[in-house]
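Student: Below you'll find my_file.cif; it's mmCIF, C-alpha atoms.
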data_work
loop_
_atom_site.group_PDB
_atom_site.id
_atom_site.type_symbol
_atom_site.label_atom_id
_atom_site.label_comp_id
_atom_site.auth_asym_id
_atom_site.auth_seq_id
_atom_site.Cartn_x
_atom_site.Cartn_y
_atom_site.Cartn_z
ATOM 1 C CA GLN X 1 8.956 -17.601 4.163
ATOM 2 C CA SER X 2 6.059 -19.431 5.803
ATOM 3 C CA HIS X 3 2.341 -19.132 6.400
ATOM 4 C CA GLN X 4 -0.653 -20.942 7.835
ATOM 5 C CA ARG X 5 -3.436 -22.312 5.627
ATOM 6 C CA LEU X 6 -6.817 -23.602 6.752
ATOM 7 C CA LYS X 7 -7.765 -26.665 4.700
ATOM 8 C CA LYS X 8 -11.292 -27.636 3.649
ATOM 9 C CA ASP X 9 -11.424 -30.434 6.215
ATOM 10 C CA GLY X 10 -10.833 -27.909 9.025
ATOM 11 C CA THR X 11 -7.218 -28.820 9.712
ATOM 12 C CA LEU X 12 -4.482 -26.208 9.737
ATOM 13 C CA GLU X 13 -1.465 -26.575 7.495
ATOM 14 C CA VAL X 14 1.833 -24.753 8.001
ATOM 15 C CA VAL X 15 3.509 -24.077 4.657
ATOM 16 C CA VAL X 16 7.254 -23.352 4.582
ATOM 17 C CA THR X 17 8.249 -21.800 1.251
ATOM 18 C CA ASP X 18 11.834 -20.868 2.184
ATOM 19 C CA THR X 19 13.826 -23.951 3.161
ATOM 20 C CA THR X 20 17.053 -22.064 3.943
ATOM 21 C CA ASN X 21 16.654 -22.998 7.617
ATOM 22 C CA VAL X 22 13.554 -25.111 8.165
ATOM 23 C CA ALA X 23 13.934 -25.522 11.952
ATOM 24 C CA TYR X 24 14.122 -21.762 12.491
ATOM 25 C CA THR X 25 11.288 -20.930 10.081
ATOM 26 C CA LEU X 26 8.975 -23.706 11.278
ATOM 27 C CA SER X 27 9.551 -22.871 14.947
ATOM 28 C CA HIS X 28 8.664 -19.252 14.166
ATOM 29 C CA GLU X 29 5.326 -20.224 12.647
ATOM 30 C CA LEU X 30 4.500 -22.765 15.354
ATOM 31 C CA LEU X 31 5.232 -20.222 18.086
ATOM 32 C CA HIS X 32 2.702 -17.848 16.518
ATOM 33 C CA LEU X 33 0.157 -20.668 16.829
ATOM 34 C CA LEU X 34 1.222 -21.410 20.398
ATOM 35 C CA PHE X 35 0.727 -17.817 21.553
ATOM 36 C CA GLN X 36 -2.651 -17.748 19.828
ATOM 37 C CA MET X 37 -3.715 -20.947 21.601
ATOM 38 C CA LYS X 38 -2.521 -19.537 24.941
ATOM 39 C CA GLY X 39 -4.900 -16.608 24.599
ATOM 40 C CA TYR X 40 -2.582 -13.840 23.497
ATOM 41 C CA PRO X 41 -4.566 -11.063 21.763
ATOM 42 C CA GLN X 42 -5.191 -11.409 18.060
ATOM 43 C CA LEU X 43 -5.266 -8.713 15.412
ATOM 44 C CA GLN X 44 -8.507 -8.741 13.443
ATOM 45 C CA PHE X 45 -10.006 -6.674 10.630
ATOM 46 C CA HIS X 46 -13.753 -6.130 10.614
ATOM 47 C CA LEU X 47 -13.969 -2.694 8.996
ATOM 48 C CA LEU X 48 -13.806 -1.107 5.553
ATOM 49 C CA SER X 49 -12.802 2.470 4.789
ATOM 50 C CA GLY X 50 -14.530 2.587 1.409
ATOM 51 C CA ASP X 51 -11.239 2.535 -0.512
ATOM 52 C CA PRO X 52 -9.794 -0.978 -1.056
ATOM 53 C CA GLN X 53 -6.297 0.401 -1.648
ATOM 54 C CA VAL X 54 -6.371 2.290 1.649
ATOM 55 C CA ASP X 55 -7.695 -0.816 3.397
ATOM 56 C CA ASP X 56 -4.789 -2.894 2.064
ATOM 57 C CA GLN X 57 -2.294 -0.288 3.292
ATOM 58 C CA LEU X 58 -3.915 -0.237 6.736
ATOM 59 C CA TYR X 59 -3.952 -4.051 6.916
ATOM 60 C CA ALA X 60 -0.252 -4.152 6.017
ATOM 61 C CA THR X 61 0.963 -1.479 8.455
ATOM 62 C CA SER X 62 -1.064 -2.651 11.452
ATOM 63 C CA THR X 63 -0.056 -6.278 10.807
ATOM 64 C CA ALA X 64 3.612 -5.253 10.652
ATOM 65 C CA LEU X 65 3.319 -3.398 13.975
ATOM 66 C CA TYR X 66 1.429 -6.274 15.613
ATOM 67 C CA ASN X 67 3.950 -8.837 14.347
ATOM 68 C CA ALA X 68 6.872 -6.744 15.591
ATOM 69 C CA ALA X 69 5.452 -6.985 19.104
ATOM 70 C CA VAL X 70 4.656 -10.722 18.886
ATOM 71 C CA HIS X 71 8.055 -11.436 17.359
ATOM 72 C CA MET X 72 9.689 -10.130 20.542
ATOM 73 C CA LEU X 73 8.124 -13.148 22.295
ATOM 74 C CA VAL X 74 8.915 -15.529 19.442
ATOM 75 C CA VAL X 75 12.571 -14.490 19.220
ATOM 76 C CA ALA X 76 13.026 -14.663 23.012
ATOM 77 C CA TRP X 77 11.882 -18.325 22.931
ATOM 78 C CA GLN X 78 14.093 -19.125 19.933
ATOM 79 C CA ARG X 79 17.083 -17.455 21.550
ATOM 80 C CA GLU X 80 16.529 -19.351 24.814
ATOM 81 C CA HIS X 81 16.343 -22.660 22.965
ATOM 82 C CA GLY X 82 19.435 -22.149 20.829
ATOM 83 C CA LEU X 83 17.741 -21.603 17.475
ATOM 84 C CA LEU X 84 19.254 -18.163 16.811
ATOM 85 C CA THR X 85 22.680 -19.361 15.720
ATOM 86 C CA ASP X 86 25.278 -17.161 14.031
ATOM 87 C CA LYS X 87 24.292 -18.806 10.762
ATOM 88 C CA VAL X 88 20.622 -17.887 11.217
ATOM 89 C CA VAL X 89 21.510 -14.282 12.091
ATOM 90 C CA ALA X 90 23.714 -14.036 8.989
ATOM 91 C CA GLN X 91 20.891 -15.418 6.814
ATOM 92 C CA VAL X 92 18.341 -12.966 8.254
ATOM 93 C CA LEU X 93 20.704 -10.015 7.745
ATOM 94 C CA ALA X 94 21.400 -11.083 4.152
ATOM 95 C CA GLY X 95 17.664 -11.280 3.461
ATOM 96 C CA PHE X 96 17.088 -7.882 5.039
ATOM 97 C CA LYS X 97 19.758 -6.199 2.892
ATOM 98 C CA GLN X 98 18.246 -7.777 -0.206
ATOM 99 C CA ASN X 99 14.676 -6.687 0.547
ATOM 100 C CA VAL X 100 15.122 -3.294 2.225
ATOM 101 C CA PRO X 101 17.094 -0.928 -0.011
ATOM 102 C CA ALA X 102 19.430 1.605 1.584
ATOM 103 C CA GLU X 103 18.059 5.126 1.713
ATOM 104 C CA ALA X 104 18.289 7.123 -1.491
ATOM 105 C CA ASP X 105 15.037 9.045 -0.987
ATOM 106 C CA ASP X 106 12.147 9.081 1.478
ATOM 107 C CA GLN X 107 9.630 7.247 -0.712
ATOM 108 C CA LEU X 108 9.980 4.018 1.302
ATOM 109 C CA VAL X 109 10.453 5.535 4.739
ATOM 110 C CA ILE X 110 7.431 3.811 6.318
ATOM 111 C CA TYR X 111 8.429 0.435 4.878
ATOM 112 C CA ARG X 112 11.975 0.943 6.189
ATOM 113 C CA ILE X 113 10.756 1.971 9.660
ATOM 114 C CA LEU X 114 8.579 -1.137 9.986
ATOM 115 C CA SER X 115 11.267 -3.446 8.593
ATOM 116 C CA LEU X 116 13.935 -2.004 10.889
ATOM 117 C CA LEU X 117 11.616 -2.302 13.896
ATOM 118 C CA ASP X 118 11.202 -6.030 13.280
ATOM 119 C CA LEU X 119 14.953 -6.466 12.735
ATOM 120 C CA LEU X 120 15.769 -4.585 15.955
ATOM 121 C CA GLY X 121 13.527 -7.012 17.819
ATOM 122 C CA PHE X 122 15.309 -9.947 16.220
ATOM 123 C CA LEU X 123 18.741 -8.519 17.134
ATOM 124 C CA ASP X 124 17.728 -7.384 20.614
ATOM 125 C CA GLY X 125 18.249 -3.779 19.577
ATOM 126 C CA GLN X 126 21.849 -4.198 18.378
ATOM 127 C CA LEU X 127 22.089 -3.248 14.701
ATOM 128 C CA PRO X 128 25.398 -3.740 12.812
ATOM 129 C CA ASP X 129 27.122 -0.438 11.974
ATOM 130 C CA GLU X 130 26.868 -1.162 8.269
ATOM 131 C CA LEU X 131 23.063 -1.282 8.445
ATOM 132 C CA ALA X 132 22.755 1.603 10.891
ATOM 133 C CA SER X 133 24.554 3.919 8.501
ATOM 134 C CA ALA X 134 22.384 2.816 5.554
ATOM 135 C CA TYR X 135 19.121 4.104 7.071
ATOM 136 C CA PRO X 136 19.829 7.491 8.720
ATOM 137 C CA GLN X 137 16.250 8.754 8.332
ATOM 138 C CA ALA X 138 14.232 5.650 9.216
ATOM 139 C CA LEU X 139 16.409 4.180 11.968
ATOM 140 C CA PRO X 140 15.689 6.761 14.732
ATOM 141 C CA TYR X 141 11.953 6.205 14.291
ATOM 142 C CA ALA X 142 12.390 2.417 14.388
ATOM 143 C CA GLN X 143 14.590 2.698 17.483
ATOM 144 C CA GLU X 144 11.946 4.801 19.218
ATOM 145 C CA LEU X 145 9.301 2.132 18.523
ATOM 146 C CA PHE X 146 11.630 -0.665 19.606
ATOM 147 C CA GLY X 147 12.412 1.200 22.831
ATOM 148 C CA LEU X 148 8.696 1.434 23.543
ATOM 149 C CA LEU X 149 8.301 -2.339 23.094
ATOM 150 C CA ASP X 150 11.479 -3.163 24.976
ATOM 151 C CA GLU X 151 10.314 -1.340 28.099
ATOM 152 C CA GLN X 152 6.934 -3.093 28.132
ATOM 153 C CA LYS X 153 6.182 -6.356 29.928
ATOM 154 C CA LEU X 154 5.160 -8.447 26.934
ATOM 155 C CA VAL X 155 5.130 -11.857 28.599
ATOM 156 C CA THR X 156 1.408 -11.825 29.478
ATOM 157 C CA PRO X 157 -1.554 -11.438 27.097
ATOM 158 C CA PHE X 158 -2.521 -8.216 28.879
ATOM 159 C CA GLY X 159 1.023 -6.848 28.619
ATOM 160 C CA LEU X 160 1.245 -7.666 24.921
ATOM 161 C CA ARG X 161 -2.093 -5.991 24.183
ATOM 162 C CA ARG X 162 -1.142 -2.853 26.084
ATOM 163 C CA ALA X 163 2.145 -2.668 24.166
ATOM 164 C CA ILE X 164 0.380 -3.034 20.811
ATOM 165 C CA VAL X 165 -2.061 -0.241 21.661
ATOM 166 C CA HIS X 166 0.837 2.049 22.641
ATOM 167 C CA LEU X 167 2.693 1.043 19.475
ATOM 168 C CA PHE X 168 -0.247 2.013 17.251
ATOM 169 C CA GLU X 169 -0.455 5.390 18.967
ATOM 170 C CA ARG X 170 3.265 6.149 18.752
ATOM 171 C CA PHE X 171 3.498 5.050 15.109
ATOM 172 C CA ASP X 172 0.640 7.355 14.114
ATOM 173 C CA ALA X 173 2.411 10.262 15.813
ATOM 174 C CA GLN X 174 5.573 9.439 13.885
ATOM 175 C CA ILE X 175 4.061 9.220 10.423
ATOM 176 C CA GLU X 176 2.007 12.361 11.011
ATOM 177 C CA LYS X 177 5.272 14.124 11.847
ATOM 178 C CA LEU X 178 6.642 12.812 8.544
ATOM 179 C CA GLY X 179 3.696 14.336 6.695
ATOM 180 C CA TYR X 180 1.571 11.218 6.195
ATOM 181 C CA GLN X 181 -2.045 10.571 7.155
ATOM 182 C CA PRO X 182 -2.306 8.661 10.481
ATOM 183 C CA THR X 183 -3.568 5.088 10.218
ATOM 184 C CA ASN X 184 -6.270 5.499 12.879
ATOM 185 C CA ASP X 185 -5.516 1.892 13.872
ATOM 186 C CA HIS X 186 -6.942 2.540 17.328
ATOM 187 C CA GLU X 187 -10.344 2.407 15.621
ATOM 188 C CA PHE X 188 -9.717 0.560 12.351
ATOM 189 C CA ALA X 189 -7.847 -2.456 13.754
ATOM 190 C CA THR X 190 -9.452 -4.790 16.274
ATOM 191 C CA VAL X 191 -7.172 -6.095 19.027
ATOM 192 C CA SER X 192 -9.063 -8.801 20.906
ATOM 193 C CA PRO X 193 -9.597 -7.831 24.566
ATOM 194 C CA VAL X 194 -7.881 -9.223 27.650
ATOM 195 C CA LEU X 195 -10.276 -8.813 30.563
ATOM 196 C CA SER X 196 -10.365 -9.494 34.276
ATOM 197 C CA LYS X 197 -13.185 -11.504 35.821
ATOM 198 C CA ARG X 198 -14.318 -8.319 37.528
ATOM 199 C CA GLN X 199 -14.584 -6.495 34.186
ATOM 200 C CA LEU X 200 -16.647 -9.345 32.760
ATOM 201 C CA ARG X 201 -19.177 -8.840 35.554
ATOM 202 C CA LEU X 202 -19.508 -5.110 34.823
ATOM 203 C CA THR X 203 -22.013 -3.734 32.337
ATOM 204 C CA LEU X 204 -20.942 -3.156 28.746
ATOM 205 C CA ASP X 205 -21.235 0.586 29.311
ATOM 206 C CA GLN X 206 -18.734 0.535 32.175
ATOM 207 C CA VAL X 207 -15.937 -0.971 30.079
ATOM 208 C CA TYR X 208 -16.674 0.154 26.505
ATOM 209 C CA PHE X 209 -18.527 2.784 24.570
ATOM 210 C CA ILE X 210 -20.059 1.788 21.249
ATOM 211 C CA LYS X 211 -18.922 4.108 18.490
ATOM 212 C CA HIS X 212 -21.181 4.552 15.485
ATOM 213 C CA SER X 213 -18.207 4.433 13.158
ATOM 214 C CA SER X 214 -17.720 6.121 9.809
ATOM 215 C CA TYR X 215 -16.235 2.790 8.694
ATOM 216 C CA ARG X 216 -18.406 0.018 7.278
ATOM 217 C CA ASP X 217 -18.744 -3.454 8.713
ATOM 218 C CA ARG X 218 -16.699 -5.806 6.540
ATOM 219 C CA ASP X 219 -19.396 -8.503 6.585
ATOM 220 C CA THR X 220 -22.647 -6.549 6.414
ATOM 221 C CA LYS X 221 -21.313 -3.504 4.505
ATOM 222 C CA GLN X 222 -23.482 -1.428 6.851
ATOM 223 C CA PRO X 223 -22.258 1.281 9.256
ATOM 224 C CA ALA X 224 -20.145 -0.416 11.924
ATOM 225 C CA TYR X 225 -20.643 -0.405 15.695
ATOM 226 C CA VAL X 226 -17.188 -0.469 17.261
ATOM 227 C CA ALA X 227 -16.556 -1.195 20.946
ATOM 228 C CA MET X 228 -13.880 1.293 22.031
ATOM 229 C CA GLY X 229 -12.169 0.732 25.370
ATOM 230 C CA ARG X 230 -12.903 3.424 27.929
ATOM 231 C CA SER X 231 -9.428 2.998 29.417
ATOM 232 C CA ASP X 232 -7.365 2.850 26.187
ATOM 233 C CA ASP X 233 -9.623 4.049 23.336
ATOM 234 C CA GLN X 234 -8.783 0.920 21.308
ATOM 235 C CA ASN X 235 -11.160 -1.103 19.135
ATOM 236 C CA ALA X 236 -11.738 -4.333 21.090
ATOM 237 C CA PHE X 237 -14.533 -5.805 18.980
ATOM 238 C CA VAL X 238 -17.149 -4.914 16.400
ATOM 239 C CA LEU X 239 -20.748 -5.734 17.230
ATOM 240 C CA PRO X 240 -22.608 -7.470 14.377
ATOM 241 C CA LEU X 241 -25.941 -5.804 15.183
ATOM 242 C CA PRO X 242 -29.001 -6.454 13.009
ATOM 243 C CA GLU X 243 -31.048 -3.361 12.198
ATOM 244 C CA LYS X 244 -33.722 -4.113 14.819
ATOM 245 C CA GLU X 245 -31.034 -3.907 17.535
ATOM 246 C CA THR X 246 -29.822 -0.434 16.566
ATOM 247 C CA THR X 247 -32.695 1.641 17.919
ATOM 248 C CA PRO X 248 -32.006 4.025 20.838
ATOM 249 C CA GLU X 249 -34.048 1.778 23.121
ATOM 250 C CA ALA X 250 -32.120 -1.321 22.055
ATOM 251 C CA PHE X 251 -28.795 0.414 22.709
ATOM 252 C CA GLN X 252 -29.918 1.459 26.177
ATOM 253 C CA GLN X 253 -30.710 -2.172 26.964
ATOM 254 C CA LEU X 254 -27.451 -3.362 25.400
ATOM 255 C CA TYR X 255 -25.346 -0.970 27.462
ATOM 256 C CA GLN X 256 -26.817 -2.328 30.696
ATOM 257 C CA GLN X 257 -26.100 -5.986 29.942
ATOM 258 C CA PRO X 258 -23.164 -7.708 31.669
ATOM 259 C CA LEU X 259 -20.111 -7.605 29.428
ATOM 260 C CA ASP X 260 -19.694 -11.383 29.680
ATOM 261 C CA SER X 261 -23.226 -11.868 28.318
ATOM 262 C CA VAL X 262 -22.612 -9.553 25.367
ATOM 263 C CA LEU X 263 -19.348 -11.279 24.417
ATOM 264 C CA THR X 264 -20.987 -14.697 24.652
ATOM 265 C CA LYS X 265 -24.136 -13.703 22.754
ATOM 266 C CA TYR X 266 -22.223 -12.418 19.745
ATOM 267 C CA GLY X 267 -19.435 -15.024 19.846
ATOM 268 C CA LEU X 268 -16.667 -12.455 20.307
ATOM 269 C CA ASP X 269 -13.044 -13.383 21.056
ATOM 270 C CA PHE X 270 -11.583 -12.445 24.425
ATOM 271 C CA THR X 271 -9.059 -13.676 26.984
ATOM 272 C CA ILE X 272 -9.415 -13.723 30.772
ATOM 273 C CA ARG X 273 -6.483 -12.234 32.695
#
Let me see the structure of the file written as structure tokens.
Tutor:
Amino acid sequence: QSHQRLKKDGTLEVVVTDTTNVAYTLSHELLHLLFQMKGYPQLQFHLLSGDPQVDDQLYATSTALYNAAVHMLVVAWQREHGLLTDKVVAQVLAGFKQNVPAEADDQLVIYRILSLLDLLGFLDGQLPDELASAYPQALPYAQELFGLLDEQKLVTPFGLRRAIVHLFERFDAQIEKLGYQPTNDHEFATVSPVLSKRQLRLTLDQVYFIKHSSYRDRDTKQPAYVAMGRSDDQNAFVLPLPEKETTPEAFQQLYQQPLDSVLTKYGLDFTIR
């Protein structure tokens, strides 16, 4: 329906392709930008699995989960400001029915779970009976994920990040139960860190451990060095280390540097709590 596009002159353009309700769609896109500018954590992809098709699937699922969490904030603002009219709700429901087929088999179960999760956020958890009965397999999983988000305090950057990390973990447990390979988004997907001033003064080693990942760095195509949070085991950033900085001695020195210095040196995104 809409997307952002960075132009050659450095300006950002918001493109609305569905003009059914421009005010609703444009406000949605602008709110994404607003939360980004206010320092809410961003989802980034710096790794490659070695299989482009798998990478695309991982990008799609983790983006859908991330957006479901952010959309809880977006929809709350739209609801408060009167943009979620009965007409808008009817249009969204019509689009959902058109794009998410009722269950006839389990081939699209993951797609249905993610789509229903986003819709539950839009409807504040209240799904019409007609839709609830159309997705008997996927709906309980989507409701479980929505319940996880609904009980979290999403209003702060730290709260949103914590919810996303929990969402990744719960989703992997669900799809493994369904017989699918877990996404491993806790390592594959970067969620930019939200740190206290105290944490920034600590050494890198006190807050993160650097995992010599089996994934490749998307830019260098070399083995990736992923900073995994000691408190949540989530990829917070990927260090773009040249070969001369990957010796055991260099890592020992790196681990003892203040976290703030490391983030600044490598130009890594972060938000201060």
Student: Give as JSON, numbers by chain every residue, naming chains and numbers as the document does, that has an atom within 12 Å of (16.9, -11.1, 8.0), counting all atoms listed in the file.
Tutor: {"X": [1, 20, 21, 24, 25, 84, 86, 87, 88, 89, 90, 91, 92, 93, 94, 95, 96, 97, 98, 99, 100, 115, 116, 117, 118, 119, 120, 121, 122, 123, 127, 131]}
Student: Exactly which residues make up the result of the PyMOL selection byres ((chain X and resi 55-65) around 9) on this file, given as a PyMOL selection string?
Tutor: chain X and resi 43+45+47-54+66-70+110-111+114-115+117-118+164+167-168+171+183-185+188-189
Student: Expanded to explicit residues, what is the PyMOL selection byres ((chain X and resi 138) around 9) for this file, as a PyMOL selection string?
Tutor: chain X and resi 103+106+109-114+116+135-137+139-143
Student: Need to verify the contact set: stretch 149-154 of chain X, 7 Å, all atoms listed in the file, exclusion of same-chain residues closer than 4 positions in sequence. Can you return it as a PyMOL selection string?
Tutor: chain X and resi 69+145+159-160+163
Student: Could you check the closest approach to X:His28 for each of X:Tyr180, X:Phe209, X:Trp77, X:Tyr40 and tell me which residue wins, using only C-alpha atoms?
Tutor: X:Trp77
Student: Any idea what the distance is between atom CA of X:Val191 and atom CA of X:Gln44?
Tutor: 6.3 Å
Student: What does the distance from atom CA of X:Leu73 to atom CA of X:Ala227 come to in Å, to one decimal?
Tutor: 27.5 Å
Student: Using the chain letters and numbers from the file, which residues does the PyMOL selection byres ((chain X and resi 242-259) around 7) grab, as a list of chain:residue names?
Tutor: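 Applied to this file, the PyMOL selection byres ((chain X and resi 242-259) around 7) selects X:Leu200, X:Arg201, X:Leu202, X:Thr203, X:Leu204, X:Asp205, X:Pro240, X:Leu241, X:Asp260, X:Ser261, X:Val262, X:Leu263.
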Student: Nearest to X:Ala23: which of X:Gln199, X:Gln78, X:Gln206, X:Thr156 is it, counting all atoms listed in the file?
Tutor: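 Smallest distance to X:Ala23 is found for X:Gln78.
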Student: Between atom CA of X:Phe237 and atom CA of X:Glu29, what is the spacing in Å?
Tutor: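 Interatomic distance, atom CA of X:Glu29 to atom CA of X:Phe237: 25.3 Å.
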Student: Identify which of the residues X:Gln42, X:Gln174, X:Ser27, X:Gln36 lies closest to X:Val74, counting only C-alpha atoms when measuring atom-to-atom distances.
Tutor: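 Using only C-alpha atoms, the shortest distance to X:Val74 belongs to X:Ser27.
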Student: Give me, as JSON, numbers by chain, all polymer residues having an atom no more than 9 Å from X:Arg170, counting all atoms listed in the file and skipping those fewer than 4 positions away in the same chain.
Tutor: {"X": [144, 145, 148, 165, 166, 174, 175]}
Student: Considering only C-alpha atoms, state which residue in the set X:Ile272, X:Met72, X:Val226, X:Ala173 is at the smallest distance from X:Leu195.
Tutor: X:Ile272
Student: Quick one: of X:Pro41, X:Lys177, X:Ala102, X:Gly147, who's nearest to X:Ser133, counting only C-alpha atoms?
Tutor: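 Of X:Pro41, X:Lys177, X:Ala102, X:Gly147, the one nearest X:Ser133 is X:Ala102, counting only C-alpha atoms.
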Student: Which of these, X:His46, X:Arg79, X:Arg273, X:Lys197, has the shortest distance to X:Leu239 once you count only C-alpha atoms?
Tutor: X:His46
Student: Set up a box along x, y and z of the file covering all listed atoms of stretch 253-259 of chain X, add 4 Å on every one of the six sides, and write the centre and edge lengths in Å to one decimal, as JSON.
Tutor:
{"center_x": -25.4, "center_y": -4.3, "center_z": 28.5, "size_x": 18.6, "size_y": 14.7, "size_z": 14.3}
